[in-house]
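Engineer: Contents of coords_22.txt (compact mmCIF, C-alpha atoms) are below:
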# COMPACT_ATOMS: atom_id res chain seq x y z
CA MET A 886 86.85 91.20 83.04
CA SER A 887 90.57 91.91 83.00
CA ASP A 888 93.43 89.45 82.56
CA ALA A 889 94.13 89.66 86.29
CA THR A 890 90.75 88.29 87.24
CA MET A 891 90.48 85.80 84.38
CA SER A 892 93.49 83.82 85.62
CA GLY A 893 92.00 81.16 87.88
CA ALA A 894 88.82 82.99 88.84
CA THR A 895 85.55 81.14 88.48
CA LYS A 896 83.18 83.49 86.70
CA SER A 897 79.72 82.74 88.06
CA GLY A 898 78.39 86.30 88.37
CA PRO A 899 77.00 88.00 91.44
CA MET A 900 74.25 86.16 93.25
CA PRO A 901 70.74 87.65 93.17
CA PHE A 902 69.79 89.42 96.37
CA SER A 903 66.57 90.08 98.21
CA ARG A 904 65.27 93.64 98.61
CA PRO A 905 64.08 94.08 102.19
CA GLY A 906 65.32 97.65 101.97
CA PRO A 907 68.60 99.57 102.10
CA ILE A 908 71.05 98.55 104.79
CA ILE A 909 73.25 101.65 104.29
CA GLU A 910 72.11 105.05 103.02
CA LEU A 911 74.15 108.15 102.25
CA ASP A 912 72.36 111.48 101.95
CA GLY A 913 74.25 114.52 100.65
CA VAL A 914 77.60 113.38 102.08
CA VAL A 915 80.44 115.92 101.84
CA LYS A 916 84.03 115.51 103.05
CA ALA A 917 86.90 117.96 102.56
CA TYR A 918 90.40 118.12 104.03
CA PRO A 919 92.27 121.36 104.86
CA LEU A 920 95.66 121.81 103.23
CA ASN A 921 98.72 123.65 104.45
CA ARG A 922 99.15 127.32 103.42
CA PRO A 923 102.36 129.06 102.36
CA LEU A 924 103.77 131.46 104.95
CA GLY A 925 102.69 134.46 102.90
CA ALA A 926 99.10 133.24 102.79
CA MET A 927 99.13 132.70 106.56
CA LEU A 928 100.43 136.21 107.21
CA ALA A 929 97.76 137.62 104.90
CA PHE A 930 95.11 135.64 106.84
CA GLN A 931 93.98 133.89 103.69
CA PRO A 932 91.65 130.92 104.26
CA ARG A 933 93.16 127.46 104.10
CA PRO A 934 92.53 125.68 100.78
CA MET A 935 90.25 122.65 101.04
CA LEU A 936 90.67 119.41 99.13
CA GLN A 937 87.18 118.26 98.10
CA ALA A 938 87.31 114.48 98.56
CA VAL A 939 83.57 113.69 98.52
CA SER A 940 80.93 116.08 97.17
CA GLU A 941 77.19 115.67 97.67
CA VAL A 942 77.08 111.87 97.40
CA SER A 943 73.68 110.25 97.92
CA LEU A 944 73.06 106.55 97.40
CA ALA A 945 71.46 103.49 98.99
CA ILE A 946 73.11 100.08 99.37
CA GLU A 947 70.62 97.22 99.42
CA THR A 948 70.74 94.40 101.94
CA GLY A 949 72.60 91.40 100.51
CA GLU A 950 74.00 93.05 97.40
CA THR A 951 77.57 93.63 96.30
CA PHE A 952 77.92 97.32 95.53
CA GLY A 953 80.90 98.20 93.34
CA LEU A 954 82.53 101.62 93.60
CA VAL A 955 84.98 102.35 90.80
CA GLY A 956 87.09 105.28 89.64
CA GLU A 957 90.60 106.55 89.08
CA SER A 958 93.04 107.01 91.94
CA GLY A 959 92.23 110.18 93.86
CA CYS A 960 88.54 110.22 92.94
CA GLY A 961 87.41 109.92 96.58
CA LYS A 962 86.23 106.31 96.61
CA SER A 963 88.49 105.24 99.49
CA THR A 964 87.44 108.29 101.51
CA LEU A 965 83.81 107.32 100.93
CA GLY A 966 84.54 103.77 102.08
CA ARG A 967 86.17 105.03 105.27
CA LEU A 968 83.19 107.26 105.99
CA ILE A 969 80.87 104.26 105.62
CA VAL A 970 82.78 102.27 108.26
CA GLY A 971 82.98 105.23 110.64
CA LEU A 972 86.59 106.32 110.12
CA GLY A 973 86.06 110.07 110.12
CA ALA A 974 82.77 111.93 110.14
CA PRO A 975 81.43 113.73 107.05
CA ASP A 976 81.44 117.52 107.05
CA ARG A 977 77.85 117.51 105.88
CA GLY A 978 75.25 114.90 105.13
CA ARG A 979 74.16 111.73 106.85
CA ILE A 980 75.17 108.07 106.75
CA THR A 981 72.79 105.51 108.25
CA PHE A 982 72.98 101.79 108.93
CA ARG A 983 69.53 100.24 109.17
CA ASP A 984 68.08 103.75 109.63
CA LYS A 985 70.48 104.63 112.48
CA ASP A 986 73.04 107.41 112.01
CA ILE A 987 76.48 105.85 112.42
CA TYR A 988 77.88 109.11 113.81
CA LEU A 989 75.13 109.94 116.34
CA GLY A 990 74.60 108.17 119.63
CA SER A 991 76.41 107.16 122.78
CA ARG A 992 79.83 105.54 122.64
CA ARG A 993 78.29 102.19 123.51
CA GLU A 994 75.66 102.49 120.78
CA LEU A 995 78.18 103.53 118.15
CA ARG A 996 80.53 100.71 119.12
CA ALA A 997 77.78 98.13 118.64
CA LEU A 998 76.68 99.78 115.42
CA ARG A 999 80.12 99.99 113.83
CA ARG A 1000 80.86 96.38 114.70
CA GLN A 1001 78.33 95.59 111.98
CA ILE A 1002 80.44 97.32 109.28
CA GLN A 1003 84.00 96.10 108.81
CA MET A 1004 86.73 96.96 106.32
CA VAL A 1005 89.47 95.08 104.46
CA PHE A 1006 92.27 97.44 103.46
CA GLN A 1007 94.53 97.39 100.41
CA ASP A 1008 97.78 96.66 102.29
CA PRO A 1009 97.32 93.73 104.70
CA TYR A 1010 100.84 94.10 106.05
CA ALA A 1011 100.18 97.68 107.15
CA SER A 1012 96.81 96.76 108.68
CA LEU A 1013 98.20 93.88 110.76
CA ASN A 1014 100.29 94.52 113.88
CA PRO A 1015 103.77 93.13 113.08
CA ARG A 1016 104.37 92.37 116.78
CA MET A 1017 101.32 90.16 117.15
CA THR A 1018 101.03 86.60 115.94
CA ILE A 1019 98.18 85.74 113.62
CA GLY A 1020 96.43 83.99 116.50
CA GLN A 1021 96.73 87.09 118.70
CA ALA A 1022 95.50 89.37 115.89
CA LEU A 1023 92.36 87.27 115.43
CA ALA A 1024 91.76 86.71 119.15
CA GLU A 1025 91.87 90.41 120.02
CA PRO A 1026 88.54 91.47 118.40
CA LEU A 1027 86.90 88.30 119.71
CA ARG A 1028 87.80 89.29 123.28
CA VAL A 1029 87.16 93.01 122.92
CA HIS A 1030 83.69 92.49 121.47
CA ARG A 1031 82.98 89.31 123.47
CA VAL A 1032 81.95 87.46 120.35
CA VAL A 1033 82.42 84.07 122.04
CA PRO A 1034 83.07 83.02 125.66
CA ALA A 1035 86.71 83.30 126.72
CA GLY A 1036 87.14 79.53 126.73
CA GLU A 1037 86.11 79.28 123.08
CA VAL A 1038 88.40 81.97 121.64
CA ALA A 1039 91.14 79.56 120.51
CA ALA A 1040 88.65 77.31 118.75
CA GLU A 1041 87.02 80.33 117.09
CA VAL A 1042 90.43 81.50 115.82
CA ASP A 1043 90.97 78.09 114.22
CA ARG A 1044 87.50 78.26 112.66
CA LEU A 1045 88.16 81.71 111.23
CA LEU A 1046 91.42 80.55 109.67
CA ALA A 1047 89.72 77.51 108.15
CA GLN A 1048 86.99 79.78 106.78
CA VAL A 1049 89.56 81.67 104.69
CA GLY A 1050 91.48 78.57 103.65
CA LEU A 1051 94.34 78.62 106.18
CA SER A 1052 95.33 75.87 108.60
CA ALA A 1053 95.46 76.19 112.39
CA GLY A 1054 99.26 76.11 112.15
CA TYR A 1055 99.26 79.79 111.17
CA VAL A 1056 98.29 80.95 114.69
CA GLN A 1057 101.93 81.07 115.81
CA ARG A 1058 103.23 82.89 112.75
CA TYR A 1059 103.85 86.62 112.36
CA PRO A 1060 102.69 88.72 109.40
CA PHE A 1061 106.21 88.96 107.90
CA GLU A 1062 106.28 85.16 107.63
CA LEU A 1063 103.24 85.11 105.32
CA SER A 1064 102.84 85.88 101.64
CA GLY A 1065 100.73 88.82 100.49
CA GLY A 1066 97.79 86.56 99.67
CA GLN A 1067 97.99 84.81 103.04
CA ARG A 1068 98.11 88.14 104.89
CA GLN A 1069 95.05 89.33 103.00
CA ARG A 1070 93.21 86.14 103.98
CA VAL A 1071 94.09 86.86 107.61
CA ALA A 1072 92.84 90.44 107.22
CA ILE A 1073 89.55 89.10 105.82
CA ALA A 1074 89.26 86.63 108.70
CA ARG A 1075 89.82 89.42 111.22
CA ALA A 1076 87.16 91.59 109.58
CA LEU A 1077 84.72 88.68 109.74
CA SER A 1078 85.61 87.76 113.33
CA VAL A 1079 83.01 90.15 114.80
CA ARG A 1080 80.33 88.77 112.45
CA PRO A 1081 79.50 91.95 110.55
CA ALA A 1082 76.55 92.49 108.23
CA VAL A 1083 78.57 94.68 105.82
CA LEU A 1084 82.09 94.16 104.50
CA VAL A 1085 83.86 97.08 102.77
CA ALA A 1086 86.80 95.91 100.65
CA ASP A 1087 89.05 98.81 99.64
CA GLU A 1088 91.33 97.76 96.74
CA ALA A 1089 91.58 94.41 98.53
CA VAL A 1090 93.30 92.61 95.63
CA SER A 1091 95.16 95.40 93.80
CA GLY A 1092 98.47 94.74 95.56
CA LEU A 1093 98.48 90.97 94.90
CA ASP A 1094 99.93 88.87 92.10
CA VAL A 1095 97.55 87.98 89.29
CA SER A 1096 96.98 84.35 90.32
CA ILE A 1097 96.57 85.33 93.98
CA GLN A 1098 94.05 88.00 93.01
CA ALA A 1099 91.84 85.32 91.48
CA GLN A 1100 92.05 83.19 94.63
CA VAL A 1101 91.11 86.06 96.93
CA LEU A 1102 88.26 87.14 94.62
CA ASN A 1103 86.85 83.63 94.62
CA LEU A 1104 87.17 83.56 98.42
CA LEU A 1105 85.23 86.81 98.73
CA VAL A 1106 82.49 85.45 96.45
CA GLU A 1107 82.28 82.25 98.50
CA LEU A 1108 82.13 84.12 101.82
CA ARG A 1109 79.57 86.59 100.50
CA ASP A 1110 77.25 83.79 99.42
CA ARG A 1111 77.79 81.56 102.44
CA LEU A 1112 77.49 84.28 105.09
CA GLY A 1113 74.89 86.44 103.35
CA LEU A 1114 77.12 89.50 103.51
CA THR A 1115 76.40 92.89 102.02
CA MET A 1116 79.62 94.01 100.32
CA VAL A 1117 80.98 97.33 99.15
CA PHE A 1118 83.84 96.58 96.76
CA ILE A 1119 86.10 99.54 95.95
CA SER A 1120 88.54 99.32 93.05
CA HIS A 1121 90.09 101.22 90.15
CA ASP A 1122 89.80 98.03 88.05
CA LEU A 1123 86.43 98.01 86.32
CA GLY A 1124 86.90 94.37 85.28
CA VAL A 1125 87.28 93.22 88.89
CA VAL A 1126 84.26 95.27 89.93
CA GLU A 1127 82.18 93.71 87.15
CA TYR A 1128 83.13 90.22 88.34
CA LEU A 1129 81.85 90.77 91.88
CA SER A 1130 79.18 93.43 91.76
CA THR A 1131 75.42 93.53 91.58
CA ARG A 1132 75.39 97.31 91.06
CA ILE A 1133 78.13 99.76 90.16
CA ALA A 1134 78.71 103.43 90.94
CA VAL A 1135 81.31 105.31 88.90
CA MET A 1136 83.07 108.09 90.80
CA TYR A 1137 85.14 111.03 89.59
CA LEU A 1138 86.52 113.97 91.59
CA GLY A 1139 84.30 113.20 94.57
CA ARG A 1140 81.03 112.80 92.67
CA ILE A 1141 79.00 109.85 91.42
CA LEU A 1142 78.73 110.20 87.63
CA GLU A 1143 76.83 107.00 86.87
CA LEU A 1144 75.04 104.32 88.87
CA GLY A 1145 73.14 101.23 87.85
CA PRO A 1146 72.99 97.43 87.67
CA ALA A 1147 76.38 96.01 86.69
CA SER A 1148 75.05 94.43 83.49
CA ALA A 1149 73.38 97.68 82.40
CA VAL A 1150 76.42 99.84 83.10
CA PHE A 1151 78.68 97.57 81.04
CA ARG A 1152 76.19 96.98 78.24
CA ARG A 1153 74.94 100.54 77.90
CA ALA A 1154 77.15 103.01 79.75
CA GLY A 1155 75.66 106.49 79.58
CA HIS A 1156 78.40 108.78 80.84
CA PRO A 1157 81.43 109.52 78.62
CA TYR A 1158 83.74 108.84 81.57
CA THR A 1159 82.25 105.38 82.15
CA GLN A 1160 82.50 104.66 78.42
CA ALA A 1161 86.20 105.58 78.49
CA LEU A 1162 86.85 103.31 81.48
CA ILE A 1163 85.15 100.39 79.77
CA ARG A 1164 87.13 100.93 76.57
CA ALA A 1165 90.32 100.80 78.62
CA ILE A 1166 89.62 97.30 80.03
CA PRO A 1167 92.28 94.94 78.60
CA ALA A 1168 90.90 92.26 76.27
CA PRO A 1169 91.61 88.71 77.51
CA ASP A 1170 92.16 87.51 73.92
CA PRO A 1171 95.58 88.72 72.67
CA ALA A 1172 94.47 88.15 69.08
CA ARG A 1173 91.59 90.56 69.50
CA LYS A 1174 92.46 94.16 68.67
CA THR A 1175 90.56 96.78 70.62
CA MET A 1176 90.59 100.57 70.67
CA ARG A 1177 91.65 101.43 74.22
CA GLU A 1178 91.11 105.14 74.29
CA ALA A 1179 92.57 106.82 77.32
CA VAL A 1180 90.88 109.82 78.90
CA SER A 1181 92.66 112.86 77.49
CA GLY A 1182 93.90 115.81 79.52
CA ASP A 1183 95.12 116.15 83.07
CA LEU A 1184 93.02 115.41 86.14
CA PRO A 1185 91.75 118.75 87.54
CA SER A 1186 92.75 119.76 91.03
CA PRO A 1187 90.34 118.53 93.72
CA VAL A 1188 91.08 121.81 95.53
CA ASN A 1189 89.38 123.74 92.74
CA PRO A 1190 87.22 121.29 90.73
CA PRO A 1191 85.47 122.46 87.55
CA SER A 1192 82.01 123.97 87.86
CA GLY A 1193 79.02 122.00 86.63
CA CYS A 1194 80.11 118.58 85.37
CA VAL A 1195 83.46 117.83 87.00
CA PHE A 1196 84.48 115.73 83.97
CA ARG A 1197 83.87 118.46 81.39
CA THR A 1198 87.53 119.57 81.09
CA ARG A 1199 88.45 116.10 79.77
CA CYS A 1200 85.22 115.16 78.00
CA PRO A 1201 85.10 114.92 74.17
CA LYS A 1202 81.39 115.82 74.24
CA ALA A 1203 81.74 118.92 76.43
CA GLN A 1204 79.84 122.07 75.46
CA ASP A 1205 79.04 125.36 77.19
CA ILE A 1206 76.03 123.87 78.97
CA CYS A 1207 78.37 121.47 80.80
CA ALA A 1208 79.50 124.35 83.03
CA THR A 1209 76.09 124.03 84.72
CA MET A 1210 75.26 121.15 87.04
CA PRO A 1211 74.20 118.15 84.91
CA PRO A 1212 70.88 116.38 85.51
CA GLN A 1213 70.54 112.71 86.42
CA VAL A 1214 69.39 111.24 83.12
CA THR A 1215 67.46 107.99 83.54
CA LEU A 1216 68.80 105.26 81.24
CA GLY A 1217 66.77 102.35 82.54
CA ARG A 1218 65.40 100.87 85.72
CA GLY A 1219 67.74 101.93 88.53
CA HIS A 1220 70.29 103.21 86.00
CA TRP A 1221 71.21 106.88 85.61
CA ALA A 1222 74.08 109.07 84.50
CA ALA A 1223 74.83 112.67 85.50
CA CYS A 1224 75.44 114.09 82.04
CA HIS A 1225 73.68 116.59 79.76
CA PHE A 1226 74.43 114.26 76.84
CA ALA A 1227 74.01 110.86 78.48
CA THR A 1228 73.44 108.09 75.96
CA ALA A 1229 69.73 107.42 75.65
CA PRO A 1230 68.52 103.85 76.29
CA GLU A 1231 67.89 101.64 73.30
CA PRO A 1232 64.20 101.23 72.35
I'd like the structure from this file rewritten - as structure tokens, please.
Structural biologist:
Amino acid sequence: MSDATMSGATKSGPMPFSRPGPIIELDGVVKAYPLNRPLGAMLAFQPRPMLQAVSEVSLAIETGETFGLVGESGCGKSTLGRLIVGLGAPDRGRITFRDKDIYLGSRRELRALRRQIQMVFQDPYASLNPRMTIGQALAEPLRVHRVVPAGEVAAEVDRLLAQVGLSAGYVQRYPFELSGGQRQRVAIARALSVRPAVLVADEAVSGLDVSIQAQVLNLLVELRDRLGLTMVFISHDLGVVEYLSTRIAVMYLGRILELGPASAVFRRAGHPYTQALIRAIPAPDPARKTMREAVSGDLPSPVNPPSGCVFRTRCPKAQDICATMPPQVTLGRGHWAACHFATAPEP
């Protein structure tokens, strides 16, 4: 766990979860974005280049777990989170919530379905309407989705504020009158206002001060346990992900390179990229000297990613075979790494 999360956070570890089956499943999900072409390319009728944000991602998120998604900036993790909550359909593949495709159905069906999956964004100021008071921002989804009778909206707003540690006096304030941590608490309250089953937190604490990060992390842990939420926690900070998560997926250039229980991934990482990320976690003890090896080389272009293993151009173990698609090497129960030279499990 990094210094940021050690300051004031109560390390209790993720709660165990039941396994009634996956609540969200992704099967071969692909998402690419077209880029602008130079004038010469347009006149020559050359095809538009495509930025490969998510490539052939398949995974299952269990009911009640906290699923951590980690990787460097630009790896596609935020795009994947947005696809899960219904903000933009995949180009290929399927995403289901309780066996129902979140992109197929009538408008009424999709509205009811997507109410069950809510998102907390990185920048709470950008996600809150600056012209609405906090009370109005929280009341709006309650009225739109008819969560409570009209006469109970004000009381429900007060309850939501209390749930995230804010007093009823905040209902008349505007976002600019709040600190970053307070705004993020409001954003969490708004996401929870429609009583979702799944909460996707996209870099929800990365823009906050260190002490405020710990407070918001502890709040998320408390809400997860009290409300029985399934959480998808997206972050570039492996230490923060370790603190919250039951399982972790490591993403690079749109692909999942390693997936497994949080304890197994940190104790016995199999992919060289995961190993490099773990080595880069700051040590909380300043007297302890650690070798923090950075990943060498430049990040390849997502417009033209390397063939085979997408990490091979920066990998110290890379060989000719890495130009072919790597297998999923099993490292333990529910733990695998997509690498020709994945570290074998200890006997």
Engineer: So which residues touch Gly1139 (chain A) within 8 Å, counting all atoms listed in the file, skipping near sequence neighbours fewer than 3 positions away, as a list of chain:residue names?
Structural biologist: A:Gln937, A:Ala938, A:Val939, A:Ser940, A:Val942, A:Cys960, A:Gly961, A:Lys962, A:Met1136
Engineer: Tell me, as a PDB file with C-alpha atoms, keeping the file's coordinate frame, which residues lie within 10 Å of His1030 (chain A), counting only C-alpha atoms; anything in the same chain fewer than 6 positions away does not count.
Structural biologist:
ATOM      1  CA  ARG A 996      80.530 100.710 119.120  1.00  0.00           C
ATOM      2  CA  ALA A 997      77.780  98.130 118.640  1.00  0.00           C
ATOM      3  CA  ARG A1000      80.860  96.380 114.700  1.00  0.00           C
ATOM      4  CA  SER A1078      85.610  87.760 113.330  1.00  0.00           C
ATOM      5  CA  VAL A1079      83.010  90.150 114.800  1.00  0.00           C
TER       6      VAL A1079
END
Engineer: Give me, as a list in words, all polymer residues having an atom no more than 10 Å from Ser943 (chain A), counting all atoms listed in the file and skipping those fewer than 4 positions away in the same chain.
Structural biologist: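 Near Ser943 (chain A), the qualifying residues are Glu910, Leu911, Asp912, Gly913, Val914, Val915, Gly978, Arg979, Ile980, Arg1140 and Ile1141 of chain A.
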Engineer: So how far away is CA of Pro934 (chain A) from CA of Thr1198 (chain A), in Å?
Structural biologist: 21.2 Å
Engineer: Which residue is closest to Tyr918 (chain A)? Choose from A:Met1017, A:Ser1148, A:Glu957, A:Ala974 and count all atoms listed in the file.
Structural biologist: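 For Tyr918 (chain A), the nearest of the given residues is A:Ala974.
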Engineer: Using all atoms listed in the file, can you tell me which of A:Gly1145, A:Gly1219, A:Gly953, A:Gly1066 comes closest to Gln1100 (chain A)?
Structural biologist: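 Of all the options, A:Gly1066 lies closest to Gln1100 (chain A).
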Engineer: So that I can check the surroundings of Pro1157 (chain A), please list as a ChimeraX atom specification every protein, DNA and RNA residue that reaches within 10 Å of it, counting only C-alpha atoms and ignoring chain neighbours fewer than 2 positions away.
Structural biologist: /A:1142-1143,1154-1155,1159-1163,1180,1196-1197,1199-1203,1222,1224,1226-1228
Engineer: Can you write just those residues out, C-alpha atoms, as a JSON list (two decimals), in the frame of the given file?
Structural biologist:
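Printed below is selection30.json as written:
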[["chain", "number", "residue", "atom", "x", "y", "z"],
["A", 1142, "LEU", "CA", 78.73, 110.20, 87.63],
["A", 1143, "GLU", "CA", 76.83, 107.00, 86.87],
["A", 1154, "ALA", "CA", 77.15, 103.01, 79.75],
["A", 1155, "GLY", "CA", 75.66, 106.49, 79.58],
["A", 1159, "THR", "CA", 82.25, 105.38, 82.15],
["A", 1160, "GLN", "CA", 82.50, 104.66, 78.42],
["A", 1161, "ALA", "CA", 86.20, 105.58, 78.49],
["A", 1162, "LEU", "CA", 86.85, 103.31, 81.48],
["A", 1163, "ILE", "CA", 85.15, 100.39, 79.77],
["A", 1180, "VAL", "CA", 90.88, 109.82, 78.90],
["A", 1196, "PHE", "CA", 84.48, 115.73, 83.97],
["A", 1197, "ARG", "CA", 83.87, 118.46, 81.39],
["A", 1199, "ARG", "CA", 88.45, 116.10, 79.77],
["A", 1200, "CYS", "CA", 85.22, 115.16, 78.00],
["A", 1201, "PRO", "CA", 85.10, 114.92, 74.17],
["A", 1202, "LYS", "CA", 81.39, 115.82, 74.24],
["A", 1203, "ALA", "CA", 81.74, 118.92, 76.43],
["A", 1222, "ALA", "CA", 74.08, 109.07, 84.50],
["A", 1224, "CYS", "CA", 75.44, 114.09, 82.04],
["A", 1226, "PHE", "CA", 74.43, 114.26, 76.84],
["A", 1227, "ALA", "CA", 74.01, 110.86, 78.48],
["A", 1228, "THR", "CA", 73.44, 108.09, 75.96]]
Engineer: Please report the interatomic distance between CA of His1225 (chain A) and CA of Ser1192 (chain A) in Å with one decimal.
Structural biologist: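 Straight-line distance from CA of His1225 (chain A) to CA of Ser1192 (chain A) works out to 13.8 Å.
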Engineer: Can you pull out every residue within 10 Å of Arg1132 (chain A), counting all atoms listed in the file, but drop anything in the same chain fewer than 3 positions away, and send it as a short mmCIF file (atom, residue, chain, number, x, y, z; two decimals) with C-alpha atoms, in the frame of the given file?
Structural biologist:
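selection.cif, written as the output of this step:
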data_model
loop_
_atom_site.label_atom_id
_atom_site.label_comp_id
_atom_site.auth_asym_id
_atom_site.auth_seq_id
_atom_site.Cartn_x
_atom_site.Cartn_y
_atom_site.Cartn_z
CA PRO A 899 77.00 88.00 91.44
CA ILE A 946 73.11 100.08 99.37
CA GLU A 947 70.62 97.22 99.42
CA GLU A 950 74.00 93.05 97.40
CA THR A 951 77.57 93.63 96.30
CA PHE A 952 77.92 97.32 95.53
CA GLY A 953 80.90 98.20 93.34
CA LEU A 954 82.53 101.62 93.60
CA VAL A 1117 80.98 97.33 99.15
CA VAL A 1126 84.26 95.27 89.93
CA GLU A 1127 82.18 93.71 87.15
CA LEU A 1129 81.85 90.77 91.88
CA LEU A 1144 75.04 104.32 88.87
CA GLY A 1145 73.14 101.23 87.85
CA PRO A 1146 72.99 97.43 87.67
CA ALA A 1147 76.38 96.01 86.69
CA SER A 1148 75.05 94.43 83.49
CA ALA A 1149 73.38 97.68 82.40
CA VAL A 1150 76.42 99.84 83.10
CA GLY A 1219 67.74 101.93 88.53
CA HIS A 1220 70.29 103.21 86.00
#
Engineer: Which residue is closest to Lys985 (chain A)? Choose from A:Pro907, A:Pro1060, A:Gly949, A:Pro1034 and count all atoms listed in the file.
Structural biologist: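 Of the candidates, the smallest distance to Lys985 (chain A) is held by A:Pro907.
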Engineer: Do you have the CA of Ile1073 (chain A)-CA of Asp1087 (chain A) distance handy?
Structural biologist: 11.5 Å
Engineer: Around all the atoms of region 992-1007 of chain A listed in the file, draw an axis-aligned box and extend it by 4 Å on each of the six sides; I want its centre and edge lengths in Å to one decimal, as JSON.
Structural biologist:
{"center_x": 85.1, "center_y": 100.3, "center_z": 112.0, "size_x": 26.9, "size_y": 18.5, "size_z": 31.1}
Engineer: Which residue, A:Ala1011, A:Ala1086, A:Leu928, A:Leu1104, has the smallest gap to Ile969 (chain A) when you use only C-alpha atoms?
Structural biologist: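 When distances to Ile969 (chain A) are compared using only C-alpha atoms, the smallest one comes from A:Ala1086.
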Engineer: For Asp1122 (chain A), which residue out of A:Ile1166, A:Ala917, A:Leu1051, A:Leu1027 is the nearest one, using only C-alpha atoms?
Structural biologist: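 Using only C-alpha atoms, the shortest distance to Asp1122 (chain A) belongs to A:Ile1166.
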Engineer: Have a look at A:Met1116, A:Gln1007, A:Ala1040, A:Val1135 and name the one nearest to Gln1098 (chain A); count all atoms listed in the file.
Structural biologist: A:Gln1007
Engineer: Could you check which residues have any atom within 12 Å of (95.7, 84.8, 94.8), counting only C-alpha atoms with coordinates taken straight from the file, and then list them as a ChimeraX atom specification?
Structural biologist: /A:889-894,1050,1064-1070,1089-1105
Engineer: Mind filling out region 928-940 of chain A with N, CA and C atoms and sending it as a PDB file, in the frame of the given file?
Structural biologist:
ATOM      1  N   LEU A 928     100.264 134.843 106.713  1.00  0.00           N
ATOM      2  CA  LEU A 928     100.430 136.210 107.210  1.00  0.00           C
ATOM      3  C   LEU A 928      99.347 137.134 106.668  1.00  0.00           C
ATOM      4  N   ALA A 929      98.828 136.806 105.495  1.00  0.00           N
ATOM      5  CA  ALA A 929      97.760 137.620 104.900  1.00  0.00           C
ATOM      6  C   ALA A 929      96.374 137.154 105.363  1.00  0.00           C
ATOM      7  N   PHE A 930      96.363 136.172 106.281  1.00  0.00           N
ATOM      8  CA  PHE A 930      95.110 135.640 106.840  1.00  0.00           C
ATOM      9  C   PHE A 930      94.183 135.097 105.749  1.00  0.00           C
ATOM     10  N   GLN A 931      94.786 134.519 104.721  1.00  0.00           N
ATOM     11  CA  GLN A 931      93.980 133.890 103.690  1.00  0.00           C
ATOM     12  C   GLN A 931      93.434 132.559 104.195  1.00  0.00           C
ATOM     13  N   PRO A 932      92.222 132.187 103.783  1.00  0.00           N
ATOM     14  CA  PRO A 932      91.650 130.920 104.260  1.00  0.00           C
ATOM     15  C   PRO A 932      92.448 129.725 103.740  1.00  0.00           C
ATOM     16  N   ARG A 933      92.442 128.666 104.509  1.00  0.00           N
ATOM     17  CA  ARG A 933      93.160 127.460 104.100  1.00  0.00           C
ATOM     18  C   ARG A 933      92.428 126.820 102.920  1.00  0.00           C
ATOM     19  N   PRO A 934      93.178 126.387 101.893  1.00  0.00           N
ATOM     20  CA  PRO A 934      92.530 125.680 100.780  1.00  0.00           C
ATOM     21  C   PRO A 934      92.001 124.330 101.252  1.00  0.00           C
ATOM     22  N   MET A 935      90.905 123.899 100.648  1.00  0.00           N
ATOM     23  CA  MET A 935      90.250 122.650 101.040  1.00  0.00           C
ATOM     24  C   MET A 935      90.251 121.677  99.873  1.00  0.00           C
ATOM     25  N   LEU A 936      90.711 120.462 100.131  1.00  0.00           N
ATOM     26  CA  LEU A 936      90.670 119.410  99.130  1.00  0.00           C
ATOM     27  C   LEU A 936      89.304 118.733  99.205  1.00  0.00           C
ATOM     28  N   GLN A 937      88.533 118.818  98.135  1.00  0.00           N
ATOM     29  CA  GLN A 937      87.180 118.260  98.100  1.00  0.00           C
ATOM     30  C   GLN A 937      87.251 116.778  97.763  1.00  0.00           C
ATOM     31  N   ALA A 938      87.181 115.926  98.776  1.00  0.00           N
ATOM     32  CA  ALA A 938      87.310 114.480  98.560  1.00  0.00           C
ATOM     33  C   ALA A 938      85.997 113.839  98.150  1.00  0.00           C
ATOM     34  N   VAL A 939      84.902 114.234  98.808  1.00  0.00           N
ATOM     35  CA  VAL A 939      83.570 113.690  98.520  1.00  0.00           C
ATOM     36  C   VAL A 939      82.601 114.867  98.445  1.00  0.00           C
ATOM     37  N   SER A 940      81.817 114.934  97.367  1.00  0.00           N
ATOM     38  CA  SER A 940      80.930 116.080  97.170  1.00  0.00           C
ATOM     39  C   SER A 940      79.500 115.633  96.882  1.00  0.00           C
TER      40      SER A 940
END
